[in-house]
file final-v4.pdb (PDB, C-alpha atoms, pLDDT in the B column)
MODEL        1
ATOM      1  CA  ALA A 209      79.719  54.143 101.862  1.00 90.00           C
ATOM      2  CA  ALA A 210      77.429  52.177  99.523  1.00 91.00           C
ATOM      3  CA  HIS A 211      79.571  49.085 100.103  1.00 90.00           C
ATOM      4  CA  GLY A 212      79.356  49.436 103.878  1.00 93.00           C
ATOM      5  CA  ASP A 213      82.859  50.799 104.565  1.00 93.00           C
ATOM      6  CA  VAL A 214      81.744  53.708 106.704  1.00 94.00           C
ATOM      7  CA  HIS A 215      85.217  54.439 108.065  1.00 94.00           C
ATOM      8  CA  ARG A 216      86.862  54.732 104.624  1.00 94.00           C
ATOM      9  CA  ALA A 217      83.997  56.892 103.422  1.00 95.00           C
ATOM     10  CA  ALA A 218      84.576  59.252 106.357  1.00 95.00           C
ATOM     11  CA  VAL A 219      88.315  59.396 105.610  1.00 95.00           C
ATOM     12  CA  ASP A 220      87.632  60.202 101.946  1.00 94.00           C
ATOM     13  CA  ARG A 221      85.205  62.957 102.898  1.00 94.00           C
ATOM     14  CA  GLU A 222      87.727  64.467 105.277  1.00 94.00           C
ATOM     15  CA  LEU A 223      90.510  64.410 102.681  1.00 95.00           C
ATOM     16  CA  ALA A 224      88.188  66.094 100.179  1.00 94.00           C
ATOM     17  CA  ALA A 225      87.788  69.083 102.504  1.00 95.00           C
ATOM     18  CA  PRO A 226      89.319  72.389 101.304  1.00 93.00           C
ATOM     19  CA  SER A 227      91.666  72.384 104.309  1.00 92.00           C
ATOM     20  CA  HIS A 228      93.629  69.480 102.774  1.00 96.00           C
ATOM     21  CA  ARG A 229      96.052  70.288  99.955  1.00 96.00           C
ATOM     22  CA  LEU A 230      96.573  67.050  98.072  1.00 97.00           C
ATOM     23  CA  LEU A 231      99.188  66.621  95.366  1.00 96.00           C
ATOM     24  CA  SER A 232      97.887  63.120  94.656  1.00 96.00           C
ATOM     25  CA  PHE A 233      95.193  60.730  95.841  1.00 96.00           C
ATOM     26  CA  ASP A 234      94.208  57.163  95.013  1.00 96.00           C
ATOM     27  CA  GLY A 235      91.395  55.588  96.995  1.00 93.00           C
ATOM     28  CA  ARG A 236      91.840  52.065  95.658  1.00 93.00           C
ATOM     29  CA  GLY A 237      92.977  49.288  97.998  1.00 92.00           C
ATOM     30  CA  SER A 238      94.904  50.522 101.034  1.00 94.00           C
ATOM     31  CA  GLY A 239      95.116  53.907  99.328  1.00 95.00           C
ATOM     32  CA  ARG A 240      97.738  56.502  98.460  1.00 97.00           C
ATOM     33  CA  ALA A 241      97.898  60.210  99.268  1.00 97.00           C
ATOM     34  CA  THR A 242     100.450  63.000  99.151  1.00 98.00           C
ATOM     35  CA  GLU A 243      99.532  66.085 101.144  1.00 98.00           C
ATOM     36  CA  VAL A 244     101.246  69.435 101.620  1.00 98.00           C
ATOM     37  CA  ILE A 245     101.116  71.415 104.838  1.00 97.00           C
ATOM     38  CA  GLY A 246     102.409  74.934 104.220  1.00 96.00           C
ATOM     39  CA  ASP A 247     103.325  76.935 101.118  1.00 94.00           C
ATOM     40  CA  LEU A 248     105.393  74.470  99.111  1.00 95.00           C
ATOM     41  CA  ALA A 249     105.943  76.748  96.111  1.00 92.00           C
ATOM     42  CA  HIS A 250     107.755  79.364  98.209  1.00 94.00           C
ATOM     43  CA  ALA A 251     109.340  77.212 100.932  1.00 96.00           C
ATOM     44  CA  ASP A 252     113.106  77.177 101.397  1.00 95.00           C
ATOM     45  CA  ARG A 253     112.981  74.360 103.974  1.00 98.00           C
ATOM     46  CA  VAL A 254     110.900  71.260 103.144  1.00 98.00           C
ATOM     47  CA  ALA A 255     110.451  68.048 105.124  1.00 98.00           C
ATOM     48  CA  VAL A 256     109.092  64.942 103.382  1.00 98.00           C
ATOM     49  CA  LEU A 257     107.700  62.269 105.722  1.00 98.00           C
ATOM     50  CA  VAL A 258     107.856  58.624 104.627  1.00 98.00           C
ATOM     51  CA  PRO A 259     105.694  56.345 106.824  1.00 97.00           C
ATOM     52  CA  GLY A 260     106.280  52.847 108.113  1.00 95.00           C
ATOM     53  CA  SER A 261     104.158  49.730 108.427  1.00 91.00           C
ATOM     54  CA  ASP A 262     100.382  49.729 108.934  1.00 93.00           C
ATOM     55  CA  THR A 263      99.964  53.173 107.360  1.00 96.00           C
ATOM     56  CA  SER A 264      97.074  53.444 104.925  1.00 96.00           C
ATOM     57  CA  LEU A 265      94.136  55.734 104.262  1.00 96.00           C
ATOM     58  CA  ASP A 266      92.373  54.006 107.150  1.00 95.00           C
ATOM     59  CA  THR A 267      95.129  55.177 109.547  1.00 96.00           C
ATOM     60  CA  TYR A 268      96.006  58.358 107.662  1.00 96.00           C
ATOM     61  CA  ASP A 269      94.935  60.687 110.466  1.00 95.00           C
ATOM     62  CA  ARG A 270      97.742  59.309 112.642  1.00 95.00           C
ATOM     63  CA  PHE A 271     100.324  59.873 109.897  1.00 97.00           C
ATOM     64  CA  ARG A 272      99.058  63.374 109.177  1.00 97.00           C
ATOM     65  CA  ALA A 273      99.137  64.254 112.869  1.00 97.00           C
ATOM     66  CA  GLY A 274     102.908  63.719 112.869  1.00 98.00           C
ATOM     67  CA  ALA A 275     103.342  65.887 109.786  1.00 98.00           C
ATOM     68  CA  SER A 276     101.178  68.595 111.332  1.00 98.00           C
ATOM     69  CA  ALA A 277     103.155  68.531 114.582  1.00 98.00           C
ATOM     70  CA  LEU A 278     106.421  68.988 112.677  1.00 98.00           C
ATOM     71  CA  SER A 279     104.891  71.799 110.612  1.00 98.00           C
ATOM     72  CA  ARG A 280     103.724  73.657 113.723  1.00 98.00           C
ATOM     73  CA  GLU A 281     107.141  73.347 115.353  1.00 98.00           C
ATOM     74  CA  LEU A 282     108.901  74.546 112.208  1.00 98.00           C
ATOM     75  CA  THR A 283     106.587  77.545 112.014  1.00 96.00           C
ATOM     76  CA  ARG A 284     107.143  78.308 115.685  1.00 96.00           C
ATOM     77  CA  VAL A 285     110.956  78.307 115.704  1.00 96.00           C
ATOM     78  CA  ALA A 286     111.956  79.183 112.121  1.00 96.00           C
ATOM     79  CA  PRO A 287     113.711  82.523 111.649  1.00 93.00           C
ATOM     80  CA  THR A 288     111.457  85.261 110.322  1.00 92.00           C
ATOM     81  CA  ALA A 289     112.740  85.079 106.729  1.00 92.00           C
ATOM     82  CA  THR A 290     112.607  81.272 106.557  1.00 96.00           C
ATOM     83  CA  ARG A 291     109.575  79.656 104.923  1.00 96.00           C
ATOM     84  CA  THR A 292     108.756  76.008 105.572  1.00 97.00           C
ATOM     85  CA  ALA A 293     106.532  73.228 104.278  1.00 98.00           C
ATOM     86  CA  VAL A 294     105.925  69.600 105.224  1.00 98.00           C
ATOM     87  CA  VAL A 295     104.841  66.873 102.803  1.00 98.00           C
ATOM     88  CA  ALA A 296     103.115  63.726 104.061  1.00 98.00           C
ATOM     89  CA  TRP A 297     104.022  61.136 101.397  1.00 98.00           C
ATOM     90  CA  LEU A 298     101.903  57.998 101.570  1.00 98.00           C
ATOM     91  CA  GLY A 299     103.085  56.930  98.151  1.00 97.00           C
ATOM     92  CA  TYR A 300     103.384  53.172  98.565  1.00 97.00           C
ATOM     93  CA  GLU A 301     101.612  50.133  99.973  1.00 95.00           C
ATOM     94  CA  THR A 302     103.097  49.734 103.420  1.00 94.00           C
ATOM     95  CA  PRO A 303     103.475  46.249 104.916  1.00 88.00           C
ATOM     96  CA  GLY A 304     101.517  45.096 107.935  1.00 78.00           C
ATOM     97  CA  THR A 305     103.447  45.037 111.204  1.00 73.00           C
ATOM     98  CA  VAL A 306     102.349  41.426 111.693  1.00 61.00           C
ATOM     99  CA  SER A 307     103.185  39.992 108.261  1.00 67.00           C
ATOM    100  CA  THR A 308     105.998  38.352 106.331  1.00 70.00           C
ATOM    101  CA  THR A 309     106.318  41.408 104.066  1.00 69.00           C
ATOM    102  CA  VAL A 310     107.551  43.549 106.954  1.00 68.00           C
ATOM    103  CA  LEU A 311     110.639  41.322 107.209  1.00 72.00           C
ATOM    104  CA  THR A 312     111.733  41.804 103.589  1.00 79.00           C
ATOM    105  CA  THR A 313     112.765  44.653 101.311  1.00 83.00           C
ATOM    106  CA  GLY A 314     110.111  43.791  98.722  1.00 86.00           C
ATOM    107  CA  ARG A 315     107.674  46.628  99.440  1.00 90.00           C
ATOM    108  CA  ALA A 316     110.586  49.069  99.772  1.00 92.00           C
ATOM    109  CA  GLU A 317     111.974  48.075  96.382  1.00 92.00           C
ATOM    110  CA  GLN A 318     108.555  48.664  94.829  1.00 94.00           C
ATOM    111  CA  ALA A 319     108.236  52.024  96.587  1.00 96.00           C
ATOM    112  CA  ALA A 320     111.720  53.411  95.863  1.00 97.00           C
ATOM    113  CA  PRO A 321     111.138  54.438  92.218  1.00 97.00           C
ATOM    114  CA  HIS A 322     107.966  56.284  93.235  1.00 98.00           C
ATOM    115  CA  LEU A 323     109.832  58.192  95.958  1.00 98.00           C
ATOM    116  CA  GLU A 324     112.657  59.046  93.539  1.00 98.00           C
ATOM    117  CA  ARG A 325     110.141  60.365  91.011  1.00 98.00           C
ATOM    118  CA  PHE A 326     108.377  62.428  93.645  1.00 98.00           C
ATOM    119  CA  ILE A 327     111.602  64.058  94.861  1.00 98.00           C
ATOM    120  CA  ARG A 328     112.535  64.923  91.260  1.00 97.00           C
ATOM    121  CA  ASP A 329     109.124  66.555  90.784  1.00 96.00           C
ATOM    122  CA  LEU A 330     109.509  68.326  94.114  1.00 96.00           C
ATOM    123  CA  ARG A 331     112.854  69.781  93.036  1.00 95.00           C
ATOM    124  CA  GLY A 332     111.126  71.049  89.923  1.00 93.00           C
ATOM    125  CA  VAL A 333     108.758  73.040  92.127  1.00 91.00           C
ATOM    126  CA  THR A 334     111.141  74.260  94.818  1.00 91.00           C
ATOM    127  CA  GLY A 335     114.351  74.768  92.832  1.00 88.00           C
ATOM    128  CA  ARG A 336     117.930  73.971  93.756  1.00 86.00           C
ATOM    129  CA  GLY A 337     118.161  76.465  96.611  1.00 92.00           C
ATOM    130  CA  THR A 338     115.578  74.740  98.820  1.00 96.00           C
ATOM    131  CA  ARG A 339     116.783  72.467 101.606  1.00 97.00           C
ATOM    132  CA  ILE A 340     114.925  69.124 101.533  1.00 98.00           C
ATOM    133  CA  THR A 341     114.986  66.703 104.455  1.00 98.00           C
ATOM    134  CA  LEU A 342     113.626  63.180 104.169  1.00 98.00           C
ATOM    135  CA  VAL A 343     112.129  61.959 107.463  1.00 98.00           C
ATOM    136  CA  CYS A 344     111.786  58.180 107.370  1.00 98.00           C
ATOM    137  CA  HIS A 345     109.951  56.316 110.120  1.00 98.00           C
ATOM    138  CA  SER A 346     110.235  52.574 110.826  1.00 95.00           C
ATOM    139  CA  TYR A 347     109.846  50.549 107.587  1.00 94.00           C
ATOM    140  CA  GLY A 348     109.896  53.889 105.782  1.00 96.00           C
ATOM    141  CA  SER A 349     113.636  53.955 106.472  1.00 96.00           C
ATOM    142  CA  VAL A 350     113.970  50.808 104.345  1.00 95.00           C
ATOM    143  CA  VAL A 351     112.192  52.667 101.530  1.00 97.00           C
ATOM    144  CA  CYS A 352     114.535  55.638 101.948  1.00 98.00           C
ATOM    145  CA  GLY A 353     117.538  53.326 102.024  1.00 96.00           C
ATOM    146  CA  ARG A 354     116.523  51.694  98.750  1.00 95.00           C
ATOM    147  CA  ALA A 355     115.942  55.091  97.094  1.00 97.00           C
ATOM    148  CA  ALA A 356     118.821  57.046  98.690  1.00 97.00           C
ATOM    149  CA  ALA A 357     121.244  56.874  95.778  1.00 97.00           C
ATOM    150  CA  GLY A 358     118.706  58.495  93.464  1.00 95.00           C
ATOM    151  CA  LEU A 359     117.468  61.248  95.790  1.00 96.00           C
ATOM    152  CA  ASP A 360     118.503  64.892  95.542  1.00 96.00           C
ATOM    153  CA  VAL A 361     118.010  65.728  99.226  1.00 98.00           C
ATOM    154  CA  ASN A 362     120.157  67.418 101.849  1.00 97.00           C
ATOM    155  CA  ASP A 363     119.399  65.267 104.877  1.00 98.00           C
ATOM    156  CA  ILE A 364     117.899  61.842 105.573  1.00 98.00           C
ATOM    157  CA  ALA A 365     116.628  61.231 109.121  1.00 98.00           C
ATOM    158  CA  LEU A 366     115.906  57.629 110.159  1.00 98.00           C
ATOM    159  CA  LEU A 367     113.484  57.286 113.083  1.00 98.00           C
ATOM    160  CA  GLY A 368     112.905  53.991 114.882  1.00 96.00           C
ATOM    161  CA  SER A 369     114.626  52.216 112.020  1.00 95.00           C
ATOM    162  CA  PRO A 370     114.908  48.414 111.805  1.00 93.00           C
ATOM    163  CA  GLY A 371     117.718  49.009 109.274  1.00 93.00           C
ATOM    164  CA  THR A 372     117.942  50.372 105.757  1.00 94.00           C
ATOM    165  CA  GLY A 373     118.909  47.292 103.800  1.00 90.00           C
ATOM    166  CA  ALA A 374     122.492  48.600 103.734  1.00 92.00           C
ATOM    167  CA  ASP A 375     125.326  47.921 106.163  1.00 93.00           C
ATOM    168  CA  SER A 376     126.629  51.499 106.266  1.00 96.00           C
ATOM    169  CA  VAL A 377     125.950  55.071 105.225  1.00 97.00           C
ATOM    170  CA  ARG A 378     128.593  54.667 102.538  1.00 97.00           C
ATOM    171  CA  ALA A 379     126.649  51.741 101.076  1.00 96.00           C
ATOM    172  CA  LEU A 380     123.623  54.021 100.640  1.00 97.00           C
ATOM    173  CA  HIS A 381     125.578  55.966  97.989  1.00 97.00           C
ATOM    174  CA  THR A 382     124.073  59.292  98.970  1.00 98.00           C
ATOM    175  CA  ARG A 383     125.550  62.766  99.306  1.00 96.00           C
ATOM    176  CA  ALA A 384     122.947  63.615 101.939  1.00 97.00           C
ATOM    177  CA  ARG A 385     123.801  63.730 105.614  1.00 97.00           C
ATOM    178  CA  VAL A 386     122.272  60.685 107.273  1.00 98.00           C
ATOM    179  CA  TRP A 387     120.838  60.959 110.788  1.00 98.00           C
ATOM    180  CA  ALA A 388     119.392  58.309 113.106  1.00 98.00           C
ATOM    181  CA  ALA A 389     117.429  58.361 116.353  1.00 98.00           C
ATOM    182  CA  ARG A 390     115.587  55.880 118.534  1.00 97.00           C
ATOM    183  CA  GLY A 391     113.396  56.462 121.565  1.00 97.00           C
ATOM    184  CA  ALA A 392     114.370  54.701 124.784  1.00 96.00           C
ATOM    185  CA  ASP A 393     111.068  52.772 124.828  1.00 97.00           C
ATOM    186  CA  ASP A 394     110.985  51.900 121.125  1.00 95.00           C
ATOM    187  CA  TRP A 395     110.458  48.142 120.656  1.00 91.00           C
ATOM    188  CA  VAL A 396     112.386  48.221 117.373  1.00 89.00           C
ATOM    189  CA  ALA A 397     115.600  48.160 119.440  1.00 88.00           C
ATOM    190  CA  ASN A 398     114.900  44.436 119.971  1.00 84.00           C
ATOM    191  CA  VAL A 399     114.714  43.618 116.254  1.00 82.00           C
ATOM    192  CA  PRO A 400     117.674  41.435 115.140  1.00 73.00           C
ATOM    193  CA  HIS A 401     119.932  43.216 112.670  1.00 71.00           C
ATOM    194  CA  PHE A 402     120.949  40.960 109.796  1.00 59.00           C
ATOM    195  CA  HIS A 403     120.145  40.357 106.178  1.00 57.00           C
ATOM    196  CA  ALA A 404     120.178  37.238 104.058  1.00 58.00           C
ATOM    197  CA  ASP A 405     119.069  36.271 100.574  1.00 63.00           C
ATOM    198  CA  LEU A 406     116.570  33.419 100.704  1.00 54.00           C
ATOM    199  CA  PHE A 407     114.990  32.092  97.506  1.00 50.00           C
ATOM    200  CA  GLY A 408     115.546  35.389  95.716  1.00 59.00           C
ATOM    201  CA  THR A 409     114.165  37.526  98.565  1.00 61.00           C
ATOM    202  CA  THR A 410     116.225  39.649 100.960  1.00 61.00           C
ATOM    203  CA  VAL A 411     115.183  39.057 104.568  1.00 60.00           C
ATOM    204  CA  GLY A 412     116.296  41.508 107.264  1.00 66.00           C
ATOM    205  CA  PHE A 413     117.695  45.011 106.923  1.00 78.00           C
ATOM    206  CA  GLY A 414     121.361  44.908 107.891  1.00 84.00           C
ATOM    207  CA  THR A 415     123.289  47.029 110.377  1.00 92.00           C
ATOM    208  CA  ASP A 416     121.449  48.961 113.076  1.00 94.00           C
ATOM    209  CA  PRO A 417     121.551  52.657 112.039  1.00 96.00           C
ATOM    210  CA  MET A 418     122.232  53.528 115.693  1.00 97.00           C
ATOM    211  CA  ASP A 419     125.407  51.416 115.629  1.00 96.00           C
ATOM    212  CA  PRO A 420     128.527  53.590 115.254  1.00 97.00           C
ATOM    213  CA  ALA A 421     129.685  51.146 112.593  1.00 96.00           C
ATOM    214  CA  PHE A 422     126.799  52.263 110.376  1.00 97.00           C
ATOM    215  CA  GLY A 423     128.139  55.804 110.311  1.00 97.00           C
ATOM    216  CA  ALA A 424     124.987  57.879 110.801  1.00 97.00           C
ATOM    217  CA  ARG A 425     124.901  61.067 112.866  1.00 97.00           C
ATOM    218  CA  THR A 426     122.798  60.047 115.853  1.00 96.00           C
ATOM    219  CA  PHE A 427     120.657  62.448 117.871  1.00 96.00           C
ATOM    220  CA  PRO A 428     118.646  62.044 121.093  1.00 95.00           C
ATOM    221  CA  ALA A 429     114.979  61.117 120.808  1.00 96.00           C
ATOM    222  CA  GLY A 430     113.997  61.012 124.477  1.00 96.00           C
ATOM    223  CA  LYS A 431     112.093  58.302 126.324  1.00 95.00           C
ATOM    224  CA  GLY A 432     109.285  57.791 123.837  1.00 96.00           C
ATOM    225  CA  GLY A 433     108.163  54.641 122.068  1.00 96.00           C
ATOM    226  CA  HIS A 434     107.864  53.700 118.422  1.00 95.00           C
ATOM    227  CA  SER A 435     105.037  56.139 117.677  1.00 95.00           C
ATOM    228  CA  ALA A 436     106.231  59.083 119.785  1.00 97.00           C
ATOM    229  CA  TYR A 437     108.800  60.783 117.546  1.00 98.00           C
ATOM    230  CA  PHE A 438     106.502  63.686 116.662  1.00 98.00           C
ATOM    231  CA  THR A 439     105.165  64.310 120.176  1.00 97.00           C
ATOM    232  CA  PRO A 440     105.129  68.065 120.859  1.00 96.00           C
ATOM    233  CA  GLY A 441     107.868  69.080 123.280  1.00 96.00           C
ATOM    234  CA  SER A 442     109.835  65.849 122.798  1.00 96.00           C
ATOM    235  CA  PRO A 443     113.603  65.865 122.138  1.00 96.00           C
ATOM    236  CA  SER A 444     113.004  63.968 118.899  1.00 97.00           C
ATOM    237  CA  LEU A 445     110.661  66.625 117.463  1.00 97.00           C
ATOM    238  CA  THR A 446     112.921  69.429 118.666  1.00 97.00           C
ATOM    239  CA  ASN A 447     115.978  67.898 117.038  1.00 97.00           C
ATOM    240  CA  LEU A 448     114.141  66.967 113.839  1.00 97.00           C
ATOM    241  CA  THR A 449     113.073  70.589 113.534  1.00 97.00           C
ATOM    242  CA  ARG A 450     116.681  71.707 113.856  1.00 97.00           C
ATOM    243  CA  ILE A 451     117.761  69.258 111.164  1.00 97.00           C
ATOM    244  CA  VAL A 452     115.057  70.447 108.748  1.00 97.00           C
ATOM    245  CA  LEU A 453     116.018  74.076 109.374  1.00 97.00           C
ATOM    246  CA  GLY A 454     119.708  73.322 108.954  1.00 94.00           C
ATOM    247  CA  ALA A 455     120.481  74.380 112.547  1.00 87.00           C
ATOM    248  CA  THR A 456     122.300  71.134 113.219  1.00 76.00           C
ATOM    249  CA  LYS A 457     124.970  72.619 115.510  1.00 71.00           C
ATOM    250  CA  GLU A 458     122.165  72.976 118.055  1.00 63.00           C
ATOM    251  CA  THR A 459     121.000  69.359 117.773  1.00 68.00           C
ATOM    252  CA  ARG A 460     121.080  67.915 121.263  1.00 56.00           C
ATOM    253  CA  GLY A 461     118.922  66.189 123.835  1.00 46.00           C
ATOM    254  CA  ASP A 462     117.336  69.054 125.789  1.00 40.00           C
TER     255      ASP A 462
ENDMDL
END
call {"tool": "encode", "arguments": {"input": "final-v4.pdb", "output": "C-alpha cells"}}
result
Amino acid sequence: AAHGDVHRAAVDRELAAPSHRLLSFDGRGSGRATEVIGDLAHADRVAVLVPGSDTSLDTYDRFRAGASALSRELTRVAPTATRTAVVAWLGYETPGTVSTTVLTTGRAEQAAPHLERFIRDLRGVTGRGTRITLVCHSYGSVVCGRAAAGLDVNDIALLGSPGTGADSVRALHTRARVWAARGADDWVANVPHFHADLFGTTVGFGTDPMDPAFGARTFPAGKGGHSAYFTPGSPSLTNLTRIVLGATKETRGD
C-alpha cells in the first residue's frame, strides 16, 4: 500500500483473513500461494488445482473461485462417509497469455519440481489411502505433463489443454489415469499442436490431448469457453466431481 499498489494490498489483506487456510504464501513478484478448502488432514478425496497463464496474486480471486466451486460440488454430492478437500496450488510463476513464454515449456520445467515436492508433502499428510486428483487447466497441463512421472496421484485431468509437452499418455510415464476435456467454445481448440526444439528451447506442446491418438480418457465439458470449466451446473464441473470422487462409471455429458 505504501508503494501505491492498492490492489495487491487488498489481495494480501484478504488472504490474511482467518477464512483462508494457507499452506504457503510469498508476496514477492507475481506471488505464490497454496490454499486449502476443506479438512485436508482427514480427507479421503483431494483435488489439487494447477492454474494456467495469467494467474497471479493479482488474479487469485478468479483461481480461488474455481477451487471453491469444485469444493462446494464435492460437498454436495459426496457420499456421507466421504470427506473431501480442494487445494488451490499457485506454486509457480505462470506465463502471460500474450507472451513468448506461453509458447514454450520453460515455465513448466521450472514449476515441475515444485509440484512434485508438494505432492510428496501432501501424501505425507493424507497417507496412501487418500485418492488424489490433479486438475490442470490450460498451461497448467504443461506443468502437470512435465511433472507427471514423479507424481503419486490417482488421476490427472487436463482442462482446455494446449498439450502437455508429450505426444501420448504413455510418454507421460505415469500410473495415473489421464483425462481430458475441452469446452465447445474454448479458443484453445485453435492452437496448433506441434513441438520443436529451437536454440535449446522447446516450442509447442505436442499432440492434442483430445486426439484419440494421445490416449486420454475424454469427458464432455459442455458449451463453455476457456474459463468456464468450474461453472456451477456445467457438465465439466459435474464430471470433474465424479472423477475426484472416483465415480468415473457415471462420467458423462448430462
call {"tool": "closest_residue", "arguments": {"input": "final-v4.pdb", "among": "A:Gly299, A:Gly368, A:Pro400, A:Pro440", "to": "A:Phe427", "atoms": "all atoms listed in the file"}}
result
A:Gly368
call {"tool": "resolve_selection", "arguments": {"input": "final-v4.pdb", "expression": "the PyMOL selection byres ((chain A and resi 344) around 9)", "output": "PyMOL selection string"}}
result
chain A and resi 256-260+342-343+345-352+364-369
call {"tool": "residues_around", "arguments": {"input": "final-v4.pdb", "residues": "stretch 301-305 of chain A", "least_positions_apart": "5", "cutoff": "12 Å", "atoms": "all atoms listed in the file", "output": "VMD selection string"}}
result
chain A and resid 234 to 241 258 to 265 267 to 268 310 to 320 322 345 to 351 370 396
call {"tool": "closest_atom_pairs", "arguments": {"input": "final-v4.pdb", "of": "stretch 221-321 of chain A", "to": "stretch 442-449 of chain A", "cutoff": "12 Å", "atoms": "only C-alpha atoms", "output": "JSON lines"}}
result
{"residue": "A:Arg253", "atom": "CA", "partner": "A:Thr449", "partner_atom": "CA", "distance": 10.3}
{"residue": "A:Val254", "atom": "CA", "partner": "A:Thr449", "partner_atom": "CA", "distance": 10.6}
{"residue": "A:Ala255", "atom": "CA", "partner": "A:Thr449", "partner_atom": "CA", "distance": 9.2}
{"residue": "A:Val256", "atom": "CA", "partner": "A:Leu448", "partner_atom": "CA", "distance": 11.8}
{"residue": "A:Leu257", "atom": "CA", "partner": "A:Leu448", "partner_atom": "CA", "distance": 11.4}
{"residue": "A:Gly274", "atom": "CA", "partner": "A:Leu445", "partner_atom": "CA", "distance": 9.5}
{"residue": "A:Ala275", "atom": "CA", "partner": "A:Leu445", "partner_atom": "CA", "distance": 10.6}
{"residue": "A:Ser276", "atom": "CA", "partner": "A:Leu445", "partner_atom": "CA", "distance": 11.5}
{"residue": "A:Ala277", "atom": "CA", "partner": "A:Leu445", "partner_atom": "CA", "distance": 8.3}
{"residue": "A:Leu278", "atom": "CA", "partner": "A:Leu445", "partner_atom": "CA", "distance": 6.8}
{"residue": "A:Ser279", "atom": "CA", "partner": "A:Thr449", "partner_atom": "CA", "distance": 8.8}
{"residue": "A:Arg280", "atom": "CA", "partner": "A:Thr449", "partner_atom": "CA", "distance": 9.8}
{"residue": "A:Glu281", "atom": "CA", "partner": "A:Thr449", "partner_atom": "CA", "distance": 6.8}
{"residue": "A:Leu282", "atom": "CA", "partner": "A:Thr449", "partner_atom": "CA", "distance": 5.9}
{"residue": "A:Thr283", "atom": "CA", "partner": "A:Thr449", "partner_atom": "CA", "distance": 9.6}
{"residue": "A:Arg284", "atom": "CA", "partner": "A:Thr449", "partner_atom": "CA", "distance": 10.0}
{"residue": "A:Val285", "atom": "CA", "partner": "A:Thr449", "partner_atom": "CA", "distance": 8.3}
{"residue": "A:Ala286", "atom": "CA", "partner": "A:Thr449", "partner_atom": "CA", "distance": 8.8}
{"residue": "A:Thr292", "atom": "CA", "partner": "A:Thr449", "partner_atom": "CA", "distance": 10.6}
{"residue": "A:Ala293", "atom": "CA", "partner": "A:Thr449", "partner_atom": "CA", "distance": 11.6}
{"residue": "A:Val294", "atom": "CA", "partner": "A:Thr449", "partner_atom": "CA", "distance": 11.0}
call {"tool": "closest_residue", "arguments": {"input": "final-v4.pdb", "among": "A:Ala217, A:Ala374, A:Leu323, A:Leu330", "to": "A:Leu231", "atoms": "only C-alpha atoms"}}
result
A:Leu330
call {"tool": "atom_distance", "arguments": {"input": "final-v4.pdb", "atom1": "atom CA of A:Gly353", "atom2": "atom CA of A:Lys457"}}
result
24.7 Å
call {"tool": "resolve_selection", "arguments": {"input": "final-v4.pdb", "expression": "the PyMOL selection byres ((chain A and resi 417) around 9)", "output": "PDB file with C-alpha atoms, keeping the file's coordinate frame"}}
result
ATOM      1  CA  LEU A 366     115.906  57.629 110.159  1.00 98.00           C
ATOM      2  CA  SER A 369     114.626  52.216 112.020  1.00 95.00           C
ATOM      3  CA  PRO A 370     114.908  48.414 111.805  1.00 93.00           C
ATOM      4  CA  GLY A 371     117.718  49.009 109.274  1.00 93.00           C
ATOM      5  CA  THR A 372     117.942  50.372 105.757  1.00 94.00           C
ATOM      6  CA  ASP A 375     125.326  47.921 106.163  1.00 93.00           C
ATOM      7  CA  SER A 376     126.629  51.499 106.266  1.00 96.00           C
ATOM      8  CA  VAL A 377     125.950  55.071 105.225  1.00 97.00           C
ATOM      9  CA  TRP A 387     120.838  60.959 110.788  1.00 98.00           C
ATOM     10  CA  ALA A 388     119.392  58.309 113.106  1.00 98.00           C
ATOM     11  CA  ALA A 389     117.429  58.361 116.353  1.00 98.00           C
ATOM     12  CA  GLY A 414     121.361  44.908 107.891  1.00 84.00           C
ATOM     13  CA  THR A 415     123.289  47.029 110.377  1.00 92.00           C
ATOM     14  CA  ASP A 416     121.449  48.961 113.076  1.00 94.00           C
ATOM     15  CA  MET A 418     122.232  53.528 115.693  1.00 97.00           C
ATOM     16  CA  ASP A 419     125.407  51.416 115.629  1.00 96.00           C
ATOM     17  CA  PRO A 420     128.527  53.590 115.254  1.00 97.00           C
ATOM     18  CA  ALA A 421     129.685  51.146 112.593  1.00 96.00           C
ATOM     19  CA  PHE A 422     126.799  52.263 110.376  1.00 97.00           C
ATOM     20  CA  GLY A 423     128.139  55.804 110.311  1.00 97.00           C
ATOM     21  CA  ALA A 424     124.987  57.879 110.801  1.00 97.00           C
ATOM     22  CA  THR A 426     122.798  60.047 115.853  1.00 96.00           C
TER      23      THR A 426
END
